[in-house]
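File shown: protein_27.txt (compact mmCIF, C-alpha atoms).
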# COMPACT_ATOMS: atom_id res chain seq x y z
CA MET A 1 0.00 0.00 0.00
CA GLU A 2 1.30 3.45 -0.96
CA GLN A 3 1.92 5.86 1.88
CA ALA A 4 1.08 9.51 1.41
CA ILE A 5 3.95 11.95 1.59
CA GLN A 6 3.80 15.15 3.58
CA THR A 7 3.04 18.07 1.31
CA THR A 8 3.38 21.82 1.50
CA LYS A 9 0.99 24.08 -0.35
CA ILE A 10 2.68 26.69 -2.51
CA LEU A 11 0.89 29.69 -3.99
CA ILE A 12 2.41 31.20 -7.13
CA ASP A 13 1.13 34.49 -8.54
CA VAL A 14 1.48 34.31 -12.30
CA PRO A 15 1.10 37.65 -14.12
CA ILE A 16 -0.51 35.96 -17.15
CA ASN A 17 -3.79 34.34 -18.01
CA MET A 18 -3.05 30.63 -17.70
CA ASP A 19 -6.10 29.72 -19.78
CA GLU A 20 -4.81 31.75 -22.72
CA LEU A 21 -1.55 29.80 -22.60
CA GLY A 22 -3.29 26.44 -22.25
CA LEU A 23 -1.91 25.88 -18.77
CA THR A 24 -3.83 24.03 -16.09
CA GLN A 25 -3.08 23.51 -12.43
CA GLY A 26 -2.44 19.82 -13.15
CA LEU A 27 0.08 20.61 -15.87
CA VAL A 28 1.94 23.06 -13.61
CA GLN A 29 1.99 20.48 -10.79
CA GLU A 30 3.39 17.88 -13.19
CA ALA A 31 6.07 20.34 -14.35
CA VAL A 32 7.12 21.10 -10.77
CA ALA A 33 7.23 17.41 -9.81
CA ALA A 34 9.27 16.56 -12.93
CA MET A 35 11.69 19.42 -12.31
CA LEU A 36 12.15 18.55 -8.62
CA TYR A 37 12.83 14.94 -9.62
CA HIS A 38 15.24 16.02 -12.34
CA ILE A 39 17.33 18.19 -10.02
CA GLY A 40 17.38 15.44 -7.39
CA THR A 41 15.26 17.12 -4.73
CA LEU A 42 12.62 14.37 -4.92
CA SER A 43 13.02 10.69 -5.53
CA LEU A 44 11.06 9.10 -8.36
CA LYS A 45 8.57 7.75 -5.83
CA GLN A 46 8.15 11.10 -4.08
CA ALA A 47 7.64 12.94 -7.36
CA ARG A 48 5.06 10.53 -8.72
CA LEU A 49 3.15 10.37 -5.44
CA LEU A 50 3.09 14.17 -5.36
CA ILE A 51 0.97 14.21 -8.52
CA GLY A 52 -0.83 10.89 -8.04
CA LYS A 53 0.76 9.03 -10.95
CA SER A 54 1.99 5.46 -11.21
CA ARG A 55 5.68 4.86 -11.80
CA ARG A 56 4.98 3.95 -15.39
CA GLU A 57 2.83 7.06 -16.01
CA PHE A 58 5.47 9.29 -14.46
CA GLU A 59 8.37 7.76 -16.40
CA GLU A 60 6.59 7.36 -19.75
CA ASP A 61 4.19 10.31 -19.84
CA VAL A 62 5.18 13.06 -17.40
CA LEU A 63 8.98 13.18 -17.66
CA PRO A 64 9.15 13.18 -21.48
CA LYS A 65 6.47 15.90 -21.62
CA PHE A 66 9.01 18.26 -20.03
CA GLY A 67 12.14 16.93 -21.72
CA TYR A 68 13.35 14.79 -18.82
CA THR A 69 14.24 11.12 -18.64
CA THR A 70 14.84 8.58 -15.88
CA MET A 71 18.11 7.59 -17.55
CA ARG A 72 20.39 9.97 -15.68
CA ASN A 73 23.79 9.41 -14.21
CA ASN A 74 23.22 10.96 -10.84
CA PRO A 75 25.25 9.25 -8.12
CA ASP A 76 22.86 10.60 -5.47
CA ASN A 77 19.79 8.74 -6.84
CA PRO A 78 20.22 5.57 -4.75
CA ALA A 79 20.78 7.59 -1.57
CA ILE A 80 17.67 9.70 -2.24
CA GLU A 81 15.51 6.58 -2.82
CA ILE A 82 16.91 4.79 0.25
CA ASP A 83 16.40 7.87 2.45
CA PHE A 84 12.77 8.18 1.35
CA ALA A 85 12.12 4.44 1.77
CA GLU A 86 13.46 4.53 5.33
CA LYS A 87 11.15 7.44 6.21
CA SER A 88 8.08 5.71 4.74
Output the file's structure as structure tokens, nothing else.
Amino acid sequence: MEQAIQTTKILIDVPINMDELGLTQGLVQEAVAAMLYHIGTLSLKQARLLIGKSRREFEEDVLPKFGYTTMRNNPDNPAIEIDFAEKS
């Protein structure tokens, strides 16, 4: 069973009409989760749970949408995953 992660609500004032640009709250949330995963702030599991996606959806749909991939050479990845697993 998946455990929920602790979340923090962030409010961003955007000086544009998001509807005119075709942006939705879901798309922005996906972009933030993908970016935080890409820079190593969140593990893959944390990022996908943040937006309610399965591992497969996150890897195959979300990451490529923003130009990211799971195939990165980041030596910190195992430590990030282990740290999160121990806290869960």
Report task. Write out as a ChimeraX atom specification each polymer residue whose atoms come within 10 Å of A:Lys45, counting only C-alpha atoms; drop sequence neighbours fewer than 2 positions from it. Result -> /A:2,5,37,42-43,47-50,53-55,58,80-81,84-85
Query raised in the report: Can you tell me how far atom CA of A:Phe66 sits from atom CA of A:Met35, in Å to one decimal?
Result: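 Pair atom CA of A:Phe66 / atom CA of A:Met35 returns 8.3 Å.
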Report task. Quote the spacing between atom CA of A:Met18 and atom CA of A:Val32 in Å to one decimal place. Result ->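 Atom CA of A:Met18 sits 15.6 Å away from atom CA of A:Val32.
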**Report entry** Residue with smallest distance to A:Gln46 - pool A:Asp83, A:Asp13, A:Glu20, A:Glu60, counting only C-alpha atoms
**Finding:** A:Asp83
Query raised in the report: Of the candidates A:Tyr68, A:Asp61, A:Arg56, A:Gly22, which shows the shortest atom-to-atom distance to A:Leu36, using only C-alpha atoms?
Result: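 Of A:Tyr68, A:Asp61, A:Arg56, A:Gly22, the one nearest A:Leu36 is A:Tyr68, counting only C-alpha atoms.
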Enclose the full set of atoms of stretch 58-64 of chain A listed in the file within a box whose edges lie along x, y and z, apply 3 Å of padding to each of the six sides, and report centre and edge lengths in Å to one decimal as JSON.
{"center_x": 6.7, "center_y": 10.3, "center_z": -18.0, "size_x": 11.0, "size_y": 11.8, "size_z": 13.0}
Which neighbours of A:Thr69 fall inside 8 Å, counting all atoms listed in the file, when residues of the same chain fewer than 5 positions from it are skipped, and could you give them as a PDB file with C-alpha atoms, in the frame of the given file?
ATOM      1  CA  GLU A  59       8.370   7.760 -16.400  1.00  0.00           C
ATOM      2  CA  LEU A  63       8.980  13.180 -17.660  1.00  0.00           C
ATOM      3  CA  PRO A  64       9.150  13.180 -21.480  1.00  0.00           C
TER       4      PRO A  64
END
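For the pair atom CA of A:Leu11 and atom CA of A:Lys87, the interatomic distance is 26.5 Å.
Candidate residues A:Val28, A:Leu21, A:Val62, A:Ala79 were compared for distance to A:Thr41, and the nearest is A:Ala79, using only C-alpha atoms.
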